[in-house]
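Q: Pasting my_file.cif below, which is mmCIF, C-alpha atoms.
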```
data_query
#
loop_
_atom_site.label_atom_id
_atom_site.label_comp_id
_atom_site.auth_asym_id
_atom_site.auth_seq_id
_atom_site.Cartn_x
_atom_site.Cartn_y
_atom_site.Cartn_z
CA MET S 28 31.69 -59.33 -34.35
CA GLY S 29 28.22 -58.37 -33.17
CA PRO S 30 26.54 -58.76 -29.78
CA GLY S 31 25.90 -62.47 -30.37
CA PRO S 32 25.60 -65.06 -31.68
CA ILE S 33 29.31 -65.17 -32.36
CA THR S 34 31.66 -67.36 -34.39
CA VAL S 35 31.61 -70.74 -32.66
CA ASP S 36 34.87 -72.17 -31.36
CA PRO S 37 35.90 -74.91 -33.84
CA ARG S 38 36.52 -77.28 -30.93
CA VAL S 39 32.86 -76.94 -29.93
CA LEU S 40 31.71 -77.68 -33.48
CA ARG S 41 33.96 -80.74 -33.50
CA ALA S 42 32.46 -81.99 -30.23
CA MET S 43 28.96 -81.52 -31.65
CA SER S 44 29.75 -83.78 -34.60
CA ALA S 45 29.87 -86.87 -32.36
CA GLN S 46 27.28 -89.59 -32.87
CA LEU S 47 24.11 -89.61 -30.75
CA VAL S 48 23.58 -92.05 -27.90
CA GLY S 49 20.34 -93.07 -26.22
CA GLN S 50 19.13 -90.98 -23.32
CA TYR S 51 19.50 -93.86 -20.86
CA ASP S 52 22.85 -95.07 -22.14
CA PRO S 53 25.30 -94.92 -19.19
CA ALA S 54 27.57 -92.78 -21.38
CA MET S 55 24.75 -90.26 -21.86
CA THR S 56 23.85 -90.01 -18.19
CA GLY S 57 27.56 -89.74 -17.46
CA TYR S 58 27.85 -86.80 -19.85
CA MET S 59 24.88 -85.16 -18.16
CA SER S 60 26.41 -85.51 -14.70
CA GLU S 61 29.78 -84.25 -15.92
CA THR S 62 28.14 -81.26 -17.59
CA GLN S 63 26.32 -80.39 -14.39
CA GLU S 64 29.57 -80.33 -12.45
CA LEU S 65 31.27 -78.21 -15.12
CA TYR S 66 28.52 -75.60 -15.01
CA ARG S 67 28.63 -75.48 -11.22
CA GLU S 68 32.17 -74.22 -11.66
CA VAL S 69 31.17 -71.82 -14.46
CA PHE S 70 28.37 -70.29 -12.34
CA ARG S 71 30.65 -70.35 -9.26
CA THR S 72 28.15 -72.35 -7.23
CA ARG S 73 27.71 -75.63 -5.40
CA ASN S 74 24.01 -75.79 -6.31
CA GLU S 75 22.98 -79.39 -6.91
CA ALA S 76 20.20 -78.06 -9.17
CA THR S 77 22.44 -77.05 -12.07
CA VAL S 78 21.19 -78.31 -15.43
CA LEU S 79 20.69 -77.47 -19.10
CA ILE S 80 17.39 -76.37 -20.60
CA ASP S 81 17.03 -77.50 -24.19
CA GLY S 82 16.33 -74.31 -26.11
CA THR S 83 17.87 -70.89 -26.62
CA SER S 84 18.69 -68.61 -23.71
CA ARG S 85 15.08 -67.38 -23.68
CA ALA S 86 14.00 -70.95 -22.91
CA GLY S 87 16.09 -70.79 -19.74
CA ILE S 88 14.50 -67.47 -18.77
CA GLU S 89 10.99 -68.84 -19.29
CA ALA S 90 11.78 -72.04 -17.38
CA ALA S 91 13.06 -70.08 -14.39
CA LEU S 92 10.20 -67.59 -14.26
CA VAL S 93 7.30 -69.94 -14.99
CA SER S 94 8.61 -72.40 -12.38
CA LEU S 95 9.28 -69.82 -9.66
CA LEU S 96 6.20 -67.63 -10.13
CA SER S 97 2.58 -68.37 -9.31
CA PRO S 98 -0.21 -66.17 -10.63
CA GLY S 99 -0.53 -63.10 -8.45
CA ASP S 100 3.04 -63.22 -7.12
CA ARG S 101 4.58 -59.80 -6.85
CA VAL S 102 7.71 -59.31 -8.97
CA LEU S 103 10.16 -56.41 -9.21
CA VAL S 104 11.98 -55.92 -12.52
CA PRO S 105 14.66 -53.20 -12.72
CA VAL S 106 14.75 -52.30 -16.43
CA PHE S 107 17.79 -50.69 -18.06
CA GLY S 108 17.46 -52.08 -21.59
CA ARG S 109 15.53 -54.33 -23.94
CA PHE S 110 16.05 -57.51 -21.95
CA GLY S 111 14.68 -56.05 -18.75
CA HIS S 112 11.52 -55.38 -20.72
CA LEU S 113 11.63 -59.04 -21.79
CA LEU S 114 11.78 -60.23 -18.16
CA ARG S 115 8.81 -58.01 -17.37
CA GLU S 116 6.79 -59.43 -20.27
CA ILE S 117 7.55 -63.05 -19.41
CA ALA S 118 6.67 -62.47 -15.74
CA GLU S 119 3.39 -60.86 -16.82
CA ARG S 120 2.64 -63.88 -19.02
CA CYS S 121 3.16 -66.04 -15.91
CA GLY S 122 0.30 -64.10 -14.29
CA ALA S 123 2.53 -62.25 -11.86
CA GLU S 124 1.88 -58.77 -10.53
CA VAL S 125 4.87 -57.01 -12.06
CA HIS S 126 6.37 -53.76 -10.80
CA ALA S 127 9.10 -52.21 -12.94
CA ILE S 128 11.57 -49.47 -12.19
CA GLU S 129 13.57 -47.89 -14.98
CA VAL S 130 16.67 -45.85 -15.63
CA PRO S 131 17.55 -44.28 -19.00
CA TRP S 132 19.23 -46.65 -21.44
CA GLY S 133 22.98 -46.39 -20.98
CA GLN S 134 22.80 -46.32 -17.17
CA VAL S 135 22.55 -48.96 -14.41
CA PHE S 136 20.91 -49.06 -10.98
CA SER S 137 22.61 -48.25 -7.72
CA LEU S 138 22.24 -50.77 -4.93
CA GLU S 139 20.38 -48.11 -2.93
CA ALA S 140 17.81 -47.65 -5.69
CA ILE S 141 17.18 -51.39 -5.88
CA GLU S 142 16.84 -51.68 -2.10
CA GLN S 143 14.41 -48.77 -1.97
CA ALA S 144 12.25 -50.42 -4.64
CA VAL S 145 12.38 -53.79 -2.88
CA ARG S 146 11.34 -52.11 0.36
CA GLU S 147 8.40 -50.40 -1.35
CA VAL S 148 7.18 -53.23 -3.58
CA ARG S 149 7.84 -56.18 -1.21
CA PRO S 150 8.21 -58.64 -4.10
CA ARG S 151 8.45 -62.39 -3.92
CA LEU S 152 11.04 -62.28 -6.71
CA VAL S 153 13.44 -59.70 -8.14
CA ALA S 154 14.28 -60.40 -11.80
CA LEU S 155 17.37 -58.66 -13.09
CA VAL S 156 19.57 -58.76 -16.18
CA GLN S 157 23.32 -58.65 -15.52
CA GLY S 158 24.63 -57.68 -18.95
CA ASP S 159 22.11 -56.18 -21.38
CA THR S 160 23.54 -56.21 -24.89
CA SER S 161 20.94 -53.72 -26.14
CA THR S 162 22.74 -50.99 -24.17
CA THR S 163 26.02 -52.87 -23.42
CA MET S 164 25.62 -52.07 -19.71
CA ASN S 165 26.69 -54.44 -16.93
CA GLN S 166 24.52 -54.14 -13.81
CA PRO S 167 26.53 -54.51 -10.56
CA LEU S 168 25.14 -57.45 -8.59
CA GLU S 169 27.20 -57.53 -5.41
CA GLY S 170 24.87 -56.93 -2.48
CA VAL S 171 21.64 -57.33 -4.46
CA GLY S 172 21.04 -60.89 -3.26
CA ALA S 173 21.55 -59.87 0.36
CA VAL S 174 19.06 -57.02 -0.10
CA CYS S 175 16.49 -59.42 -1.57
CA HIS S 176 16.90 -61.95 1.21
CA ARG S 177 16.62 -59.30 3.94
CA HIS S 178 13.22 -58.45 2.54
CA GLY S 179 12.03 -62.01 1.87
CA ALA S 180 12.54 -62.06 -1.90
CA LEU S 181 14.40 -64.38 -4.24
CA LEU S 182 16.86 -63.05 -6.82
CA TYR S 183 16.81 -64.27 -10.43
CA VAL S 184 19.56 -63.09 -12.81
CA ASP S 185 19.73 -63.41 -16.59
CA CYS S 186 23.47 -63.61 -17.29
CA THR S 187 23.17 -64.77 -20.90
CA ALA S 188 25.40 -62.06 -22.36
CA SER S 189 27.86 -61.72 -19.50
CA LEU S 190 28.71 -65.19 -18.19
CA GLY S 191 32.28 -66.24 -19.00
CA GLY S 192 33.47 -62.78 -20.00
CA ASN S 193 32.58 -60.78 -16.89
CA PRO S 194 32.75 -61.79 -13.22
CA PHE S 195 29.73 -63.75 -11.99
CA GLU S 196 29.64 -65.18 -8.47
CA MET S 197 26.38 -67.03 -7.91
CA ASP S 198 26.97 -68.17 -4.35
CA ALA S 199 29.00 -65.20 -3.13
CA TRP S 200 26.40 -62.77 -4.51
CA GLU S 201 23.49 -64.84 -3.12
CA VAL S 202 21.78 -65.35 -6.48
CA ASP S 203 18.87 -67.81 -6.25
CA ALA S 204 18.38 -68.55 -9.94
CA ALA S 205 20.56 -67.83 -12.94
CA THR S 206 20.24 -68.65 -16.62
CA ALA S 207 22.56 -68.20 -19.57
CA GLY S 208 23.14 -69.19 -23.18
CA LEU S 209 26.11 -70.53 -25.13
CA GLN S 210 26.20 -68.01 -27.98
CA LYS S 211 28.02 -65.15 -26.25
CA CYS S 212 31.16 -65.39 -24.11
CA LEU S 213 30.89 -69.18 -23.82
CA GLY S 214 31.78 -69.49 -27.51
CA GLY S 215 29.06 -71.89 -28.63
CA PRO S 216 25.86 -71.92 -30.68
CA SER S 217 22.45 -70.90 -29.40
CA GLY S 218 20.22 -73.82 -28.45
CA SER S 219 21.14 -74.75 -24.88
CA ALA S 220 20.51 -72.71 -21.74
CA PRO S 221 22.57 -73.50 -18.61
CA LEU S 222 20.52 -72.91 -15.45
CA SER S 223 21.24 -73.09 -11.74
CA LEU S 224 18.91 -72.88 -8.73
CA SER S 225 19.76 -72.29 -5.08
CA PRO S 226 18.20 -74.50 -2.38
CA ARG S 227 15.76 -71.63 -1.67
CA ALA S 228 14.65 -71.63 -5.30
CA VAL S 229 14.42 -75.42 -5.42
CA GLU S 230 12.10 -75.33 -2.42
CA VAL S 231 9.74 -73.04 -4.31
CA VAL S 232 9.88 -75.23 -7.42
CA ARG S 233 9.27 -78.42 -5.43
CA SER S 234 6.26 -76.86 -3.72
CA ARG S 235 4.64 -76.63 -7.16
CA SER S 236 5.94 -79.88 -8.65
CA SER S 237 3.91 -82.74 -10.04
CA VAL S 238 4.60 -85.99 -11.89
CA GLU S 239 2.94 -86.76 -15.22
CA ALA S 240 0.17 -89.33 -14.86
CA GLY S 241 1.73 -91.46 -17.59
CA LEU S 242 4.85 -91.93 -15.47
CA ARG S 243 2.99 -93.15 -12.37
CA ALA S 244 2.43 -96.88 -11.93
CA ASP S 245 -1.23 -96.13 -11.28
CA PRO S 246 -2.17 -92.92 -13.10
CA ASP S 247 -5.30 -92.54 -10.92
CA ALA S 248 -3.63 -93.14 -7.57
CA GLY S 249 -2.91 -89.82 -5.90
CA GLY S 250 -0.68 -87.50 -7.76
CA ALA S 251 -3.26 -84.73 -7.85
CA PRO S 252 -1.52 -81.64 -9.19
CA PRO S 253 -1.00 -78.88 -6.66
CA ALA S 254 -3.30 -75.90 -6.89
CA GLU S 255 -0.46 -73.79 -8.22
CA ARG S 256 1.07 -76.37 -10.54
CA ILE S 257 3.77 -74.97 -12.81
CA ARG S 258 1.95 -73.74 -15.90
CA SER S 259 4.26 -75.31 -18.45
CA ASN S 260 5.14 -78.93 -19.00
CA TYR S 261 8.29 -78.47 -21.06
CA PHE S 262 9.66 -75.75 -18.78
CA ASP S 263 8.55 -77.38 -15.49
CA LEU S 264 11.82 -77.28 -13.54
CA GLY S 265 10.50 -79.82 -11.04
CA MET S 266 10.22 -82.36 -13.85
CA VAL S 267 13.53 -81.22 -15.38
CA LEU S 268 15.31 -81.70 -12.04
CA ASP S 269 13.83 -85.20 -11.73
CA TYR S 270 15.14 -85.95 -15.23
CA TRP S 271 18.65 -84.71 -14.49
CA GLY S 272 18.68 -86.10 -10.94
CA PRO S 273 19.35 -89.64 -9.68
CA GLN S 274 15.81 -90.77 -10.54
CA ARG S 275 16.35 -90.04 -14.25
CA LEU S 276 12.55 -89.74 -14.43
CA ASN S 277 11.67 -89.35 -18.09
CA HIS S 278 10.63 -85.90 -19.22
CA HIS S 279 11.81 -84.94 -22.72
CA THR S 280 14.47 -86.49 -24.94
CA GLU S 281 17.68 -84.62 -24.20
CA ALA S 282 19.11 -82.65 -27.14
CA THR S 283 22.24 -84.77 -27.30
CA THR S 284 24.20 -82.69 -29.80
CA MET S 285 23.57 -79.52 -27.78
CA LEU S 286 24.67 -81.34 -24.64
CA TYR S 287 27.96 -82.17 -26.35
CA GLY S 288 28.37 -78.51 -27.33
CA ALA S 289 27.46 -77.14 -23.91
CA ARG S 290 29.81 -79.58 -22.22
CA GLU S 291 32.69 -78.54 -24.49
CA CYS S 292 31.98 -74.81 -23.97
CA ALA S 293 32.28 -75.24 -20.22
CA ARG S 294 35.28 -77.55 -20.48
CA LEU S 295 37.21 -75.07 -22.63
CA LEU S 296 36.32 -72.14 -20.38
CA LEU S 297 37.51 -73.95 -17.27
CA GLU S 298 40.63 -75.20 -19.04
CA GLU S 299 41.50 -71.57 -19.77
CA GLY S 300 40.49 -70.56 -16.25
CA LEU S 301 37.57 -68.30 -15.38
CA GLN S 302 39.78 -65.42 -14.27
CA ALA S 303 41.92 -65.73 -17.39
CA ALA S 304 38.82 -65.74 -19.61
CA VAL S 305 37.43 -62.65 -17.94
CA ALA S 306 40.82 -60.94 -18.30
CA ARG S 307 40.93 -61.91 -21.99
CA HIS S 308 37.52 -60.38 -22.60
CA ARG S 309 38.52 -57.26 -20.67
CA LEU S 310 41.73 -56.86 -22.70
CA HIS S 311 40.15 -57.21 -26.12
CA GLY S 312 37.11 -55.18 -25.09
CA ASP S 313 39.41 -52.38 -23.94
CA ALA S 314 41.30 -52.56 -27.23
CA MET S 315 38.08 -52.31 -29.25
CA LEU S 316 36.90 -49.42 -27.10
CA ALA S 317 40.19 -47.57 -27.62
CA GLY S 318 40.09 -48.35 -31.33
CA VAL S 319 36.63 -46.94 -32.04
CA ARG S 320 37.53 -43.85 -30.03
CA GLY S 321 40.73 -43.61 -32.04
CA LEU S 322 38.57 -43.44 -35.15
CA GLY S 323 36.85 -40.42 -33.63
CA LEU S 324 33.63 -42.27 -32.87
CA ARG S 325 31.57 -41.58 -29.75
CA VAL S 326 30.71 -44.42 -27.37
CA PHE S 327 27.20 -44.72 -25.97
CA GLY S 328 26.39 -45.07 -22.29
CA ASP S 329 28.20 -45.10 -18.98
CA VAL S 330 31.50 -46.67 -20.02
CA ALA S 331 32.41 -47.31 -16.37
CA HIS S 332 29.60 -49.90 -16.33
CA LYS S 333 30.10 -51.32 -19.84
CA MET S 334 30.36 -55.07 -20.32
CA HIS S 335 33.84 -56.29 -21.27
CA ASN S 336 32.54 -58.01 -24.38
CA VAL S 337 30.54 -55.45 -26.36
CA VAL S 338 30.65 -51.71 -27.09
CA ALA S 339 27.89 -49.45 -28.43
CA VAL S 340 29.24 -46.97 -30.98
CA GLU S 341 27.21 -43.93 -31.96
CA ILE S 342 26.71 -43.75 -35.74
CA PRO S 343 28.32 -40.53 -37.08
CA ASP S 344 26.05 -37.81 -38.41
CA GLY S 345 25.45 -38.13 -42.11
CA VAL S 346 26.47 -41.82 -42.23
CA ASP S 347 23.97 -44.52 -43.23
CA GLY S 348 24.47 -47.06 -40.44
CA GLU S 349 22.80 -49.94 -42.26
CA ALA S 350 24.83 -49.30 -45.43
CA VAL S 351 28.04 -49.46 -43.38
CA ARG S 352 26.96 -52.75 -41.80
CA ALA S 353 26.07 -54.18 -45.20
CA GLU S 354 29.44 -53.21 -46.72
CA LEU S 355 31.36 -54.65 -43.77
CA LEU S 356 29.53 -57.93 -44.23
CA HIS S 357 29.66 -58.04 -48.03
CA ASP S 358 33.21 -56.77 -48.59
CA TYR S 359 35.04 -57.98 -45.49
CA GLY S 360 32.92 -60.82 -44.10
CA ILE S 361 32.49 -59.02 -40.78
CA GLU S 362 29.12 -58.66 -39.07
CA ILE S 363 28.46 -55.96 -36.47
CA GLY S 364 25.12 -55.36 -34.78
CA THR S 365 22.44 -52.72 -34.81
CA SER S 366 20.26 -52.08 -31.76
CA PHE S 367 16.63 -51.90 -30.66
CA GLY S 368 13.98 -49.52 -29.38
CA PRO S 369 15.23 -45.99 -28.67
CA LEU S 370 18.71 -46.92 -29.95
CA ALA S 371 17.59 -48.34 -33.30
CA GLY S 372 19.52 -46.56 -36.03
CA ARG S 373 21.57 -44.63 -33.46
CA VAL S 374 24.32 -47.08 -32.53
CA TRP S 375 26.28 -50.05 -33.80
CA ARG S 376 27.10 -52.79 -31.31
CA ILE S 377 30.50 -54.40 -31.78
CA GLY S 378 31.28 -57.54 -29.82
CA THR S 379 34.55 -59.08 -28.70
CA MET S 380 33.36 -62.26 -27.09
CA GLY S 381 33.98 -65.96 -26.91
CA TYR S 382 36.14 -67.24 -29.77
CA ASN S 383 36.23 -63.71 -31.25
CA ALA S 384 37.88 -62.13 -28.19
CA ARG S 385 41.21 -62.18 -30.04
CA LYS S 386 43.74 -59.55 -31.10
CA ASP S 387 43.53 -60.36 -34.80
CA ALA S 388 39.74 -60.14 -34.80
CA VAL S 389 39.84 -56.74 -33.10
CA LEU S 390 42.47 -55.26 -35.41
CA VAL S 391 40.92 -56.56 -38.63
CA THR S 392 37.51 -55.24 -37.59
CA LEU S 393 38.89 -51.79 -36.82
CA ALA S 394 40.86 -51.60 -40.07
CA SER S 395 37.84 -52.71 -42.10
CA LEU S 396 35.49 -50.30 -40.32
CA GLU S 397 37.91 -47.47 -41.02
CA GLN S 398 37.91 -48.20 -44.74
CA VAL S 399 34.13 -48.34 -44.95
CA LEU S 400 33.72 -45.14 -42.94
CA ARG S 401 36.15 -43.30 -45.19
CA ARG S 402 34.14 -44.39 -48.24
CA HIS S 403 31.06 -42.92 -46.57
CA GLY S 404 32.75 -39.59 -45.99
CA ALA S 405 33.32 -39.88 -42.26
CA PRO S 406 36.36 -37.85 -41.11
CA VAL S 407 38.55 -40.64 -39.73
CA GLU S 408 42.33 -40.55 -39.50
CA ALA S 409 44.10 -43.30 -41.43
CA GLY S 410 45.33 -46.04 -39.09
CA ALA S 411 44.17 -44.23 -35.94
CA GLY S 412 41.83 -46.99 -34.76
CA SER S 413 44.30 -49.82 -35.09
CA ALA S 414 47.03 -47.67 -33.55
CA ALA S 415 44.90 -46.91 -30.50
CA ALA S 416 44.10 -50.60 -30.06
CA GLN S 417 47.78 -51.51 -30.39
CA GLN S 418 48.53 -49.14 -27.51
CA VAL S 419 46.26 -51.26 -25.31
CA TYR S 420 48.09 -54.39 -26.40
CA ALA S 421 51.54 -52.86 -25.94
#
```
I'd like the structure from this file rewritten - as structure tokens, please.
A:
Amino acid sequence: MGPGPITVDPRVLRAMSAQLVGQYDPAMTGYMSETQELYREVFRTRNEATVLIDGTSRAGIEAALVSLLSPGDRVLVPVFGRFGHLLREIAERCGAEVHAIEVPWGQVFSLEAIEQAVREVRPRLVALVQGDTSTTMNQPLEGVGAVCHRHGALLYVDCTASLGGNPFEMDAWEVDAATAGLQKCLGGPSGSAPLSLSPRAVEVVRSRSSVEAGLRADPDAGGAPPAERIRSNYFDLGMVLDYWGPQRLNHHTEATTMLYGARECARLLLEEGLQAAVARHRLHGDAMLAGVRGLGLRVFGDVAHKMHNVVAVEIPDGVDGEAVRAELLHDYGIEIGTSFGPLAGRVWRIGTMGYNARKDAVLVTLASLEQVLRRHGAPVEAGAGSAAAQQVYA
């Protein structure tokens, strides 16, 4: 019950137990095409360039940034938590000229603040996290893409922690590149990163694309790499798009088992319905929020902008936060998260996401937390947390 990874949906584990097939087997290429179409629906886009990156969600982030950025490109990163700092670091490693703006952890940016920064910095790319689990904040995105495009910039969004449990509208919000992971609201394991690129983003990627010499009939005939060739082979989205596209031009060997898992995550989400899944995460997130408040615990940050699927709870004075986490895990089999940076040792992060966005999981967690807190001398009222959550469910 932490901020991810979460308990995997058993149906996803079952799908991942299927036997491998060769990467050029018609069944395999059929699975790839089907998975692409499923994730177009998940991202709410018609982008042809919708694929999986084999690796954890950070692999998707690196693939997007290293493929869209050339050395010296100007990038704007609005930072409101740990993962904004991550985007800044990765962009710097790509050789970009990175400009960051920051708000205190627990807050988000107004559209006006982002537009002012875009106007001043004049970036080629704005890189923004939607839901940052380090602070539990959910950055509003509506209008940001339009702002970027008015000023000649692309918009990249890391929606790893938010996709599937909070609204995300890639086309309607004019997002040019988005990446995610399976291990949060999608209910799967880490190891596959869904990614989608708008036609604008594809144009940038294609301008920097090359084909490996070993794949050309004559390795010495033409094919000179462009001056600003993408500075990674594995994460070269031009090559990845050729692999997933009609050419099926060999790049890497697809992680078949992860493909099965990613396909099942998307299939289950769409079977439930995106709106229904978001409503489920909202309901159980609201119940957890009410429950921890019922226990007399303070909640960190601007709750009006909290993600549906995780809450940051301030550790009570005089309570050893790590001892509470250890007892929850050892005695009750429940894991909750700590945090990073300025929030390390100050908050617990409790998730209600994916397969764990369920009433029983919420109530058992609250009852168990209450018992551990009472043993540590925290002044909590017996049954108050579960009772407050039940009011949400009533």
Q: Give me, please, the distance in Å between atom CA of Leu96 of chain S and atom CA of Pro194 of chain S, quoted to one decimal.
A: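 For atom CA of Leu96 of chain S relative to atom CA of Pro194 of chain S, the distance reads 27.4 Å.
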Q: Give as a ChimeraX atom specification the set of residues within 10 Å of the point (28.9, -48.6, -16.6), where distances use the file's coordinates and only C-alpha atoms.
A: /S:133-136,163-167,328-334
Q: For the residues in that selection, give me C-alpha atoms as a PDB file, in the frame of the given file.
A:
```pdb
ATOM      1  CA  GLY S 133      22.980 -46.390 -20.980  1.00  0.00           C
ATOM      2  CA  GLN S 134      22.800 -46.320 -17.170  1.00  0.00           C
ATOM      3  CA  VAL S 135      22.550 -48.960 -14.410  1.00  0.00           C
ATOM      4  CA  PHE S 136      20.910 -49.060 -10.980  1.00  0.00           C
ATOM      5  CA  THR S 163      26.020 -52.870 -23.420  1.00  0.00           C
ATOM      6  CA  MET S 164      25.620 -52.070 -19.710  1.00  0.00           C
ATOM      7  CA  ASN S 165      26.690 -54.440 -16.930  1.00  0.00           C
ATOM      8  CA  GLN S 166      24.520 -54.140 -13.810  1.00  0.00           C
ATOM      9  CA  PRO S 167      26.530 -54.510 -10.560  1.00  0.00           C
ATOM     10  CA  GLY S 328      26.390 -45.070 -22.290  1.00  0.00           C
ATOM     11  CA  ASP S 329      28.200 -45.100 -18.980  1.00  0.00           C
ATOM     12  CA  VAL S 330      31.500 -46.670 -20.020  1.00  0.00           C
ATOM     13  CA  ALA S 331      32.410 -47.310 -16.370  1.00  0.00           C
ATOM     14  CA  HIS S 332      29.600 -49.900 -16.330  1.00  0.00           C
ATOM     15  CA  LYS S 333      30.100 -51.320 -19.840  1.00  0.00           C
ATOM     16  CA  MET S 334      30.360 -55.070 -20.320  1.00  0.00           C
TER      17      MET S 334
END
```
Q: Select, from S:Leu209, S:Arg151, S:Val399, S:Gly170, the residue with the minimum atom-to-atom distance to Ala353 of chain S, counting all atoms listed in the file.
A: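 Checking each of S:Leu209, S:Arg151, S:Val399, S:Gly170 against Ala353 of chain S, counting all atoms listed in the file, the winner is S:Val399.
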Q: Find, counting all atoms listed in the file, the residue in S:Ala314, S:Leu190, S:Leu268, S:Ala123 that gets nearest to Thr206 of chain S.
A: S:Leu190
Q: Report the residues retrieved by the PyMOL selection byres ((chain S and resi 284-294) around 10) from the displayed file, expressed as a count of residues only.
A: 54
Q: Given the file above and the PyMOL selection byres ((chain S and resi 257-262) around 12), which residues are selected, and can you give them as a PyMOL selection string?
A: chain S and resi 79-82+85-98+120-122+220+222+231-239+252-256+263-268+270+277-281
Q: Report as a list in words the residues that result from applying the PyMOL selection byres ((chain S and resi 336-349) around 6) to the structure here.
A: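 Applied to this file, the PyMOL selection byres ((chain S and resi 336-349) around 6) returns Thr163, His308, Gly312, Arg325, Val326, Phe327, Met334, His335, Ala350, Val351, Arg352, Arg373, Val374, Trp375, Arg376, Ile377, Gly378, Thr379 and Met380 of chain S.
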Q: Of the candidates S:Pro369, S:Gly57, S:Gly49, S:Gly321, which one gets nearest to Gly272 of chain S if we count only C-alpha atoms?
A: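 Selected residue with least distance to Gly272 of chain S: S:Gly57.
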Q: Kindly give the distance, in Å, that separates atom CA of Glu169 of chain S and atom CA of Met315 of chain S, rounded to a single decimal.
A: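 Pair atom CA of Glu169 of chain S / atom CA of Met315 of chain S returns 26.7 Å.
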Q: Please compute the atom CA of Leu370 of chain S-atom CA of Ala394 of chain S distance, one decimal, in Å.
A: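 Going from atom CA of Leu370 of chain S over to atom CA of Ala394 of chain S, I get 24.8 Å.
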Q: Have a look at S:Gly172, S:Gly192, S:Gly108, S:Gly404 and name the one nearest to Asn383 of chain S; count all atoms listed in the file.
A: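 Looking only at the distances to Asn383 of chain S, the closest residue turns out to be S:Gly192.
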Q: Give me segment 343-354 of chain S from this structure - N, CA, C and O atoms, as a compact mmCIF listing (two decimals), in the first residue's frame.
A:
```
# COMPACT_ATOMS: atom_id res chain seq x y z
N PRO S 343 3.41 11.58 13.27
CA PRO S 343 3.16 12.30 14.52
C PRO S 343 4.43 12.52 15.33
O PRO S 343 5.37 11.72 15.29
N ASP S 344 4.46 13.63 16.04
CA ASP S 344 5.59 13.93 16.92
C ASP S 344 5.79 12.79 17.92
O ASP S 344 4.83 12.24 18.48
N GLY S 345 7.03 12.43 18.11
CA GLY S 345 7.36 11.40 19.08
C GLY S 345 7.21 9.99 18.59
O GLY S 345 7.47 9.04 19.34
N VAL S 346 6.80 9.81 17.32
CA VAL S 346 6.62 8.47 16.75
C VAL S 346 7.77 8.18 15.80
O VAL S 346 8.12 9.03 14.96
N ASP S 347 8.35 7.01 15.92
CA ASP S 347 9.43 6.56 15.03
C ASP S 347 8.79 6.04 13.74
O ASP S 347 8.23 4.94 13.71
N GLY S 348 8.86 6.84 12.68
CA GLY S 348 8.19 6.49 11.43
C GLY S 348 8.66 5.18 10.83
O GLY S 348 7.85 4.39 10.33
N GLU S 349 9.97 4.92 10.89
CA GLU S 349 10.50 3.69 10.30
C GLU S 349 10.09 2.48 11.13
O GLU S 349 9.84 1.39 10.58
N ALA S 350 9.99 2.63 12.45
CA ALA S 350 9.55 1.52 13.30
C ALA S 350 8.10 1.17 13.00
O ALA S 350 7.73 -0.02 12.98
N VAL S 351 7.26 2.18 12.76
CA VAL S 351 5.86 1.93 12.41
C VAL S 351 5.79 1.18 11.08
O VAL S 351 5.04 0.20 10.95
N ARG S 352 6.55 1.61 10.10
CA ARG S 352 6.54 0.94 8.80
C ARG S 352 6.99 -0.51 8.95
O ARG S 352 6.41 -1.42 8.34
N ALA S 353 8.02 -0.73 9.74
CA ALA S 353 8.54 -2.09 9.92
C ALA S 353 7.51 -2.98 10.60
O ALA S 353 7.34 -4.15 10.22
N GLU S 354 6.81 -2.47 11.61
CA GLU S 354 5.80 -3.28 12.29
C GLU S 354 4.61 -3.58 11.37
O GLU S 354 4.06 -4.69 11.40
```
